[in-house]
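K.L.:
Provided herewith is a single structure, encoded as structure tokens, for subsequent inquiry.
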Amino acid sequence: MAELARNARDALDGAIPALVAELEAGRWQSTEEMAEFFPAADVDGMKVRIRLGAGYRVDLLADCEAQMILIEYAGSETGARADKTGSKAA
């Protein structure tokens, strides 16, 4: 995330520190709750993709029961796992 913040500093205008703060403070009981908190996120089971705009995204693995989040990827929309198809949680 720090590397993404450095590389895309002007394009994302503070989005990375804000996202990190939200993830650190979050206490979601399920990925469905995460989807409500991040309405633009794509959620597929434990996989959560948050599009940041300006061609960037963050892919997470979220274990809400354990209150743990793993940042799988943070970077360009065309980077790792660009073809993942998730869906919004209902």
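Note on naming: chains are A, B, ... as they come in the structure tokens, residues start from 1 per chain, ligands start from 1 in the order shown.
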Residues near Lys47 of chain A, anyone? I mean within 9 Å using only C-alpha atoms, not counting same-chain ones fewer than 5 positions away, as a PyMOL selection string.

P.N.:
chain A and resi 31+42+59-62+86

K.L.:
Do a neighbour search on Arg57 of chain A at 7 Å with only C-alpha atoms, toss out local chain neighbours closer than 6 positions, and write the hits as a PyMOL selection string.

P.N.:
chain A and resi 49-51+74-77

K.L.:
For the residues in the current selection, export N, CA and C atoms as an mmCIF file, in the first residue's frame.

P.N.:
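This went into selection-v9.cif:
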```
data_model
loop_
_atom_site.group_PDB
_atom_site.id
_atom_site.type_symbol
_atom_site.label_atom_id
_atom_site.label_comp_id
_atom_site.auth_asym_id
_atom_site.auth_seq_id
_atom_site.Cartn_x
_atom_site.Cartn_y
_atom_site.Cartn_z
ATOM 1 N N ARG A 49 -12.531 -6.738 -3.593
ATOM 2 C CA ARG A 49 -11.798 -5.836 -4.486
ATOM 3 C C ARG A 49 -12.379 -4.444 -4.325
ATOM 4 N N ILE A 50 -11.519 -3.497 -3.978
ATOM 5 C CA ILE A 50 -11.930 -2.106 -3.817
ATOM 6 C C ILE A 50 -11.264 -1.291 -4.921
ATOM 7 N N ARG A 51 -12.070 -0.745 -5.795
ATOM 8 C CA ARG A 51 -11.538 0.111 -6.864
ATOM 9 C C ARG A 51 -11.384 1.520 -6.310
ATOM 10 N N ALA A 74 -2.165 -4.393 -4.363
ATOM 11 C CA ALA A 74 -2.499 -2.969 -4.400
ATOM 12 C C ALA A 74 -1.745 -2.370 -5.570
ATOM 13 N N GLY A 75 -2.476 -1.905 -6.563
ATOM 14 C CA GLY A 75 -1.806 -1.347 -7.728
ATOM 15 C C GLY A 75 -2.762 -1.055 -8.863
ATOM 16 N N SER A 76 -2.219 -1.124 -10.062
ATOM 17 C CA SER A 76 -2.951 -0.813 -11.282
ATOM 18 C C SER A 76 -4.086 -1.792 -11.520
ATOM 19 N N GLU A 77 -5.173 -1.307 -12.087
ATOM 20 C CA GLU A 77 -6.309 -2.162 -12.454
ATOM 21 C C GLU A 77 -5.884 -3.296 -13.377
#
```

K.L.:
When you count only C-alpha atoms, which of these residues is closest to Ile69 of chain A: A:Ala2, A:Ala35, A:Met46, A:Ala21?

P.N.:
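Ranking A:Ala2, A:Ala35, A:Met46, A:Ala21 by distance to Ile69 of chain A, first place goes to A:Met46.
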
K.L.:
DSSP on the backbone: which residues in chain A end up as alpha helix (DSSP H)? Give the answer as a list in words.

P.N.:
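Answer for chain A, restricted to alpha helix (DSSP H): Ala2, Glu3, Leu4, Ala5, Arg6, Asn7, Arg9, Asp10, Ala11, Leu12, Ala15, Ile16, Pro17, Ala18, Leu19, Val20, Ala21, Glu22, Leu23, Glu24, Ala25, Thr31, Glu32, Glu33, Met34, Ala35, Glu36 and Phe37 of chain A.
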
K.L.:
List the spatial neighbours of segment 8-13 of chain A as an NGL selection string - criterion: any atom at most 7 Å away, only C-alpha atoms, same-chain residues fewer than 3 positions off excluded.

P.N.:
:A and (4-5 or 54)

K.L.:
Would you output that residue set with all heavy atoms, as a tab-separated table (two decimals), in the first residue's frame?

P.N.:
```
chain	number	residue	atom	x	y	z
A	4	LEU	N	2.07	1.86	-3.50
A	4	LEU	CA	0.99	2.40	-4.32
A	4	LEU	C	0.78	3.88	-3.99
A	4	LEU	O	0.62	4.70	-4.90
A	4	LEU	CB	-0.31	1.62	-4.10
A	4	LEU	CG	-1.55	2.17	-4.81
A	4	LEU	CD1	-1.34	2.24	-6.31
A	4	LEU	CD2	-2.76	1.33	-4.46
A	5	ALA	N	0.80	4.23	-2.73
A	5	ALA	CA	0.61	5.63	-2.33
A	5	ALA	C	1.72	6.51	-2.93
A	5	ALA	O	1.45	7.62	-3.37
A	5	ALA	CB	0.60	5.75	-0.82
A	54	ALA	N	-9.02	6.25	-10.83
A	54	ALA	CA	-7.77	6.60	-11.52
A	54	ALA	C	-7.00	5.36	-11.98
A	54	ALA	O	-5.79	5.39	-12.13
A	54	ALA	CB	-6.89	7.48	-10.63
```

K.L.:
Enter the distance from atom CA of Trp28 of chain A to atom CA of Asn7 of chain A, in Å, rounded to one decimal.

P.N.:
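Value for the atom CA of Trp28 of chain A-atom CA of Asn7 of chain A distance: 29.5 Å.
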
K.L.:
Find the residue from A:Thr78, A:Glu36, A:Gly26, A:Ala41 that sits nearest to Tyr56 of chain A; use only C-alpha atoms when measuring.

P.N.:
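Using only C-alpha atoms, Tyr56 of chain A sits closest to A:Thr78.
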
K.L.:
Could you pull out the strand (DSSP E or B) residues of segment 2-77 of chain A from DSSP and send them as a VMD selection string?

P.N.:
chain A and resid 42 to 44 47 to 53 56 to 63 68 to 76

K.L.:
Could you tell me which of A:Arg27, A:Met34, A:Ala40, A:Glu65 comes closest to Gly53 of chain A if we count only C-alpha atoms?

P.N.:
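Counting only C-alpha atoms, the residue closest to Gly53 of chain A is A:Ala40.
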
K.L.:
Rounded to one decimal, what separation in Å do you get between atom CA of Gly45 of chain A and atom CA of Gly14 of chain A?

P.N.:
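Computing the Euclidean distance for atom CA of Gly45 of chain A and atom CA of Gly14 of chain A yields 28.2 Å.
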